[in-house]
Amino acid sequence: MSEPAHLVPRIETSGQEAFRNAMRRFATTVSIVSCAHEGRWYGMSATAVSSVSVEPPALLVCINNATSTHRALSRSGRFCLNILRSSQPGLCKVFGGKIKGDDRFRVGDWRMQPNGSPFLFDAQANLFCQLDQVTHCHTHTIFVARVYSITAQQQVDPLVYQDGTYAVAKPIVDGGPKAAADAVEGCLPY
């Protein structure tokens, strides 16, 4: 009798390629981090984002030290986390390096807060942040920020990145108590 595909023994490896391969198993919401410094706008696509606390509202974002957005955010101390909609993978590509500098902001409906911070008007949600803590870790910096203002669209429809491609998150269809129990069996940490 053969094992189900999800139980087939795997080869254990280490190193950068193995790590990338394992990380492709994460399904992550895609965002654009945007900020302003000395009158210029900066932005980049980001998936290394997580909530930190609700009281006070705080999040973290990890940014490569070599990017211009890293330098601008470090100096300005403010940024906006623009959570993308499933219909916005083109924006992610633009802010992922397809277009450089200020030209990135010619794609999409970008507006400016009174404090000068750029934000994507039609994003799934905008979280306006003030830096709270900064931690350096190898090639990246972990920026922890307090969220001081939020806008969110009524419909929940985030752009997701999984296994090297864009995806759409959908709720699991309720098939009754048995289906719900089967869907979460083994997923809970307790």
# chains A, B, ... in the order shown; residues from 1 in each chain; ligands from 1
call {"tool": "select_by_dssp", "arguments": {"residues": "region 79-169 of chain A", "states": "alpha helix (DSSP H)", "output": "CSV table (one decimal) with C-alpha atoms, in the first residue's frame"}}
result
chain,number,residue,atom,x,y,z
A,89,PRO,CA,-0.9,41.9,-8.8
A,90,GLY,CA,0.4,44.4,-11.5
A,91,LEU,CA,1.1,47.0,-8.7
A,92,CYS,CA,3.1,44.4,-6.8
A,93,LYS,CA,5.2,43.7,-9.9
call {"tool": "atom_distance", "arguments": {"atom1": "CA of Arg78 (chain A)", "atom2": "CA of Asn64 (chain A)"}}
result
17.0 Å
call {"tool": "closest_residue", "arguments": {"among": "A:Val147, A:Leu159, A:Leu81, A:Val30", "to": "Cys129 (chain A)", "atoms": "only C-alpha atoms"}}
result
A:Val147
call {"tool": "atom_distance", "arguments": {"atom1": "CA of His136 (chain A)", "atom2": "CA of Ala66 (chain A)"}}
result
12.5 Å
call {"tool": "select_by_dssp", "arguments": {"residues": "region 15-145 of chain A", "states": "strand (DSSP E)", "output": "ChimeraX atom specification"}}
result
/A:28-29,31-37,40-46,49-53,58-64,78-83,110-112,118-120,125-137,140-145
call {"tool": "atom_distance", "arguments": {"atom1": "CA of Gly101 (chain A)", "atom2": "CA of Ala27 (chain A)"}}
result
28.1 Å
call {"tool": "closest_residue", "arguments": {"among": "A:Arg146, A:Arg25, A:His138, A:Lys100", "to": "Val54 (chain A)", "atoms": "only C-alpha atoms"}}
result
A:Arg146
call {"tool": "residues_around", "arguments": {"residues": "Cys62 (chain A)", "least_positions_apart": "3", "cutoff": "6 Å", "atoms": "only C-alpha atoms", "output": "list of chain:residue names"}}
result
A:Ala48, A:Thr141, A:Ile142
call {"tool": "closest_residue", "arguments": {"among": "A:Val156, A:Ala72, A:Val107, A:Ala36", "to": "Phe121 (chain A)", "atoms": "only C-alpha atoms"}}
result
A:Val107
call {"tool": "residues_around", "arguments": {"residues": "Thr165 (chain A)", "least_positions_apart": "2", "cutoff": "10 Å", "atoms": "only C-alpha atoms", "output": "ChimeraX atom specification"}}
result
/A:24,27,89,160-163,167
call {"tool": "residues_around", "arguments": {"residues": "Asn65 (chain A)", "least_positions_apart": "3", "cutoff": "8 Å", "atoms": "only C-alpha atoms", "output": "MDAnalysis selection string"}}
result
chainID A and resid 70:71 139:141
call {"tool": "closest_residue", "arguments": {"among": "A:Ser14, A:Ser117, A:Gln155, A:Gln133", "to": "Ser34 (chain A)", "atoms": "only C-alpha atoms"}}
result
A:Ser117
call {"tool": "residues_around", "arguments": {"residues": "Ala123 (chain A)", "least_positions_apart": "4", "cutoff": "7 Å", "atoms": "only C-alpha atoms", "output": "VMD selection string"}}
result
chain A and resid 82 to 85
